[in-house]
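The block underneath contains the structure these notes are about, expressed in structure tokens.
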Amino acid sequence: MELILISGLSGSGKSVALNLLEDAGYYCVDNLPVVMLTVLVRMLQGENTEKVAVAIDGRSGHGIELLPAKLKTLSDEGVRHTVLFLYAHTETLLKRYSESRRRHPLATPDQSLEEAIRAERALLDPIADLGHRIDTSGLKANALREWVRQFIEAEPGQGLTLMFESFGFKHGIPLDADLVFDVRCLPNPHYDPELRALTGKDQAVVNFLENETEVCRMRDDIAHFVDTWLPCYIRDNRNYLTVAIGCTGGQHRSVYIAEWLSREFSKRARVLVRHRTLAGS
């Protein structure tokens, strides 16, 4: 059996992720109490169900701290599992709840929405690092679906997957980054009127950047750093390492370098590439 566990903050996109997994052929269960996880998995094993996705979140209450032990039990029984943890900046969650007019599931009459979000964040903190994290701040639903699709197609549990993610500093540093590199010091194609509307994927922007010695030095230095320390992260038994590359707007320089790094490392590791600003546009 392949088990994917979806968790994270309310309003961060867990329903979007679970629906994508259901469309991909997974047997899906939402809002499962933690104490029932092993019972459900064993029952579905008896029915020869091969792909299962379960959403467990703050609605499970303080039983959430039992999750690591439950997952260890399943591992000992030979169940391959991965955890996908979704979260977002508080400002993003406040905006989503305001637009949807939904009630936060942990809200109480004497508690503000922001206090409920803060309480849920603290409640889920013990499990936030159990698996792969996705910061959904600024992401549209279709972009999140694509990122989850990439996640399930990357064969979780088969070693480290290297994630290169571009972003714009003016939108904030992504919460899911393990390593962050700032490339704002490099020449900016934004100031060329013919390149402003393009992205780091377009050949004209690539030509502009590769003609700059500083750009080549910076990308090579980042590649050397990642290459040097990658074996240490692999020995740490990580499933994912997210390397974030940031420029001012997240459209040109960071996109180009993330794409270049993904090609550079594609023969040495399983590689995914994401462009946070482009995905949110």
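We label chains A, B, ... in the order they appear in the structure tokens, count residues from 1 in each chain, and number ligands from 1 in the order shown.
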May I have a table of the residues of region 74-183 of chain A lying at most 10 Å from region 222-226 of chain A, giving each one's closest pair of atoms and their distance in Å to one decimal, counting only C-alpha atoms, ordered by chain and ascending residue number, as CSV?
```
residue,atom,partner,partner_atom,distance
A:Leu162,CA,A:Val226,CA,9.8
A:Leu179,CA,A:Val226,CA,9.0
A:Phe181,CA,A:Ile222,CA,7.7
```
Exercise for review: Return as an MDAnalysis selection string the full set of residues in region 14-230 of chain A whose backbone-based DSSP assignment is strand (DSSP E or B).
Suggested key: chainID A and resid 27:29 51:55 80:87 132:135 161:168 179:182
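Across A:Ser166, A:Thr73, A:Asn211, A:Ser266, the tightest approach to Cys247 (chain A) is made by A:Ser166 when counting only C-alpha atoms.
Using only C-alpha atoms, the nearest neighbour of Leu113 (chain A) within the list A:Asn207, A:Ser10, A:Ser15, A:Thr38 is A:Ser10.
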Query - Backbone DSSP call of helix (DSSP H, G or I) for region 24-269 of chain A, listed as a ChimeraX atom specification - result: /A:34-46,58-76,90-100,113-127,141-153,169-171,189-191,203-210,213-235,253-265
If you count only C-alpha atoms, the residue of A:Gly11, A:Ala53, A:Ala122, A:Leu67 closest to Glu99 (chain A) turns out to be A:Gly11
Compile the contact shell of region 100-112 of chain A as a list in words: residues with an atom at most 7 Å away, counting only C-alpha atoms, same-chain residues fewer than 4 positions apart removed.
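Contacts, in chain order: Arg59, Arg96 and Ala116 of chain A.
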Nearest candidate to Leu209 (chain A) (options A:Asp135, A:Asp192, A:Asp125, A:Asp221; using only C-alpha atoms):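 Residue with the minimum atom-to-atom distance to Leu209 (chain A): A:Asp192.
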- For Ala143 (chain A), list every protein, DNA or RNA residue within 10 Å, evaluated using only C-alpha atoms, and leave out those in the same chain fewer than 4 positions away; present the list as a list of chain:residue names.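 The residues satisfying every condition are A:Thr136, A:Gly138, A:Leu139, A:Trp147, A:Val148, A:Arg149, A:Arg274, A:His275, A:Arg276, A:Leu278, A:Ala279, A:Gly280, A:Ser281.
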Filtering to all heavy atoms, could you give me those residues as a short mmCIF file (atom, residue, chain, number, x, y, z; two decimals), in the first residue's frame?
```
data_model
loop_
_atom_site.label_atom_id
_atom_site.label_comp_id
_atom_site.auth_asym_id
_atom_site.auth_seq_id
_atom_site.Cartn_x
_atom_site.Cartn_y
_atom_site.Cartn_z
N THR A 136 1.45 27.59 0.65
CA THR A 136 0.46 27.90 -0.38
C THR A 136 0.13 29.39 -0.44
O THR A 136 -0.81 29.78 -1.16
CB THR A 136 -0.85 27.11 -0.14
OG1 THR A 136 -1.51 27.61 1.05
CG2 THR A 136 -0.57 25.63 0.03
N GLY A 138 -0.30 32.86 -1.67
CA GLY A 138 -0.27 33.44 -3.01
C GLY A 138 -0.54 32.46 -4.14
O GLY A 138 -0.56 32.87 -5.30
N LEU A 139 -0.74 31.18 -3.82
CA LEU A 139 -0.98 30.20 -4.88
C LEU A 139 -2.46 30.10 -5.21
O LEU A 139 -3.31 30.05 -4.32
CB LEU A 139 -0.49 28.81 -4.45
CG LEU A 139 1.01 28.54 -4.43
CD1 LEU A 139 1.25 27.08 -4.10
CD2 LEU A 139 1.66 28.88 -5.75
N TRP A 147 1.31 21.40 -8.24
CA TRP A 147 2.41 21.09 -7.33
C TRP A 147 2.17 19.77 -6.61
O TRP A 147 3.11 18.99 -6.40
CB TRP A 147 2.59 22.23 -6.33
CG TRP A 147 3.19 23.46 -6.93
CD1 TRP A 147 3.25 23.79 -8.26
CD2 TRP A 147 3.82 24.55 -6.24
NE1 TRP A 147 3.87 25.01 -8.43
CE2 TRP A 147 4.22 25.50 -7.22
CE3 TRP A 147 4.06 24.83 -4.90
CZ2 TRP A 147 4.86 26.69 -6.89
CZ3 TRP A 147 4.69 26.03 -4.55
CH2 TRP A 147 5.10 26.94 -5.55
N VAL A 148 0.93 19.50 -6.22
CA VAL A 148 0.61 18.22 -5.58
C VAL A 148 0.78 17.08 -6.57
O VAL A 148 1.28 16.00 -6.23
CB VAL A 148 -0.82 18.24 -4.99
CG1 VAL A 148 -1.20 16.86 -4.46
CG2 VAL A 148 -0.92 19.27 -3.87
N ARG A 149 0.37 17.32 -7.82
CA ARG A 149 0.56 16.29 -8.85
C ARG A 149 2.04 15.96 -9.01
O ARG A 149 2.43 14.79 -9.11
CB ARG A 149 -0.03 16.78 -10.19
CG ARG A 149 0.02 15.73 -11.29
CD ARG A 149 -0.29 16.33 -12.65
NE ARG A 149 0.69 17.35 -13.03
CZ ARG A 149 1.91 17.07 -13.49
NH1 ARG A 149 2.30 15.80 -13.61
NH2 ARG A 149 2.74 18.03 -13.81
N ARG A 274 9.87 24.79 -9.42
CA ARG A 274 8.63 25.55 -9.21
C ARG A 274 8.93 27.04 -9.33
O ARG A 274 10.02 27.47 -8.95
CB ARG A 274 8.06 25.29 -7.81
CG ARG A 274 7.57 23.89 -7.58
CD ARG A 274 7.20 23.72 -6.12
NE ARG A 274 6.58 22.43 -5.84
CZ ARG A 274 6.36 21.98 -4.61
NH1 ARG A 274 6.72 22.70 -3.58
NH2 ARG A 274 5.79 20.81 -4.45
N HIS A 275 7.95 27.79 -9.79
CA HIS A 275 8.09 29.23 -9.90
C HIS A 275 6.90 29.87 -9.17
O HIS A 275 5.80 29.95 -9.71
CB HIS A 275 8.16 29.66 -11.36
CG HIS A 275 9.27 29.00 -12.12
ND1 HIS A 275 10.60 29.20 -11.79
CD2 HIS A 275 9.26 28.13 -13.17
CE1 HIS A 275 11.36 28.48 -12.62
NE2 HIS A 275 10.55 27.83 -13.46
N ARG A 276 7.15 30.28 -7.94
CA ARG A 276 6.07 30.73 -7.07
C ARG A 276 5.35 31.96 -7.62
O ARG A 276 4.12 31.99 -7.66
CB ARG A 276 6.64 31.03 -5.67
CG ARG A 276 5.63 31.59 -4.69
CD ARG A 276 6.15 31.57 -3.29
NE ARG A 276 6.31 30.21 -2.83
CZ ARG A 276 5.32 29.47 -2.32
NH1 ARG A 276 4.12 30.00 -2.19
NH2 ARG A 276 5.53 28.25 -1.92
N LEU A 278 5.28 33.13 -10.75
CA LEU A 278 4.60 32.84 -12.01
C LEU A 278 3.34 32.01 -11.77
O LEU A 278 2.33 32.18 -12.45
CB LEU A 278 5.54 32.09 -12.96
CG LEU A 278 6.85 32.80 -13.35
CD1 LEU A 278 7.56 31.99 -14.43
CD2 LEU A 278 6.60 34.23 -13.81
N ALA A 279 3.39 31.12 -10.77
CA ALA A 279 2.23 30.27 -10.46
C ALA A 279 1.09 31.09 -9.88
O ALA A 279 -0.09 30.73 -10.02
CB ALA A 279 2.61 29.17 -9.48
N GLY A 280 1.42 32.20 -9.21
CA GLY A 280 0.39 33.01 -8.58
C GLY A 280 -0.18 34.09 -9.47
O GLY A 280 -1.11 34.80 -9.08
N SER A 281 0.38 34.21 -10.69
CA SER A 281 -0.05 35.31 -11.57
C SER A 281 -1.26 34.89 -12.41
O SER A 281 -1.60 33.74 -12.48
CB SER A 281 1.08 35.72 -12.48
OG SER A 281 1.51 34.64 -13.29
#
```
Original post:
Which one is closest to Val39 (chain A): A:Leu74, A:Glu22, A:Glu65, A:Tyr87? Count only C-alpha atoms.
Top reply: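 Closest to Val39 (chain A), using only C-alpha atoms: A:Leu74.
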Near region 239-245 of chain A, 10 Å: region 52-135 of chain A residue rows, closest pairs, only C-alpha atoms, as CSV:
```
residue,atom,partner,partner_atom,distance
A:Thr82,CA,A:Asn239,CA,8.9
A:Gly131,CA,A:Asn239,CA,7.5
A:His132,CA,A:Tyr240,CA,6.3
A:Arg133,CA,A:Tyr240,CA,8.9
A:Ile134,CA,A:Thr242,CA,9.8
```
Restricted to C-alpha atoms, what would the selected residues look like written as a PDB file, in the first residue's frame?
```pdb
ATOM      1  CA  THR A  82       4.627  10.133   2.908  1.00  0.00           C
ATOM      2  CA  GLY A 131       7.188  15.343   5.559  1.00  0.00           C
ATOM      3  CA  HIS A 132       7.224  17.650   2.576  1.00  0.00           C
ATOM      4  CA  ARG A 133       5.964  21.183   3.236  1.00  0.00           C
ATOM      5  CA  ILE A 134       4.218  23.430   0.733  1.00  0.00           C
TER       6      ILE A 134
END
```
Open item on the list: I'd like to know which of A:Phe164, A:Phe151, A:Tyr233, A:Tyr27 is closest to Phe265 (chain A), using only C-alpha atoms.
Closed with: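 Closest residue, counting only C-alpha atoms: A:Phe164.
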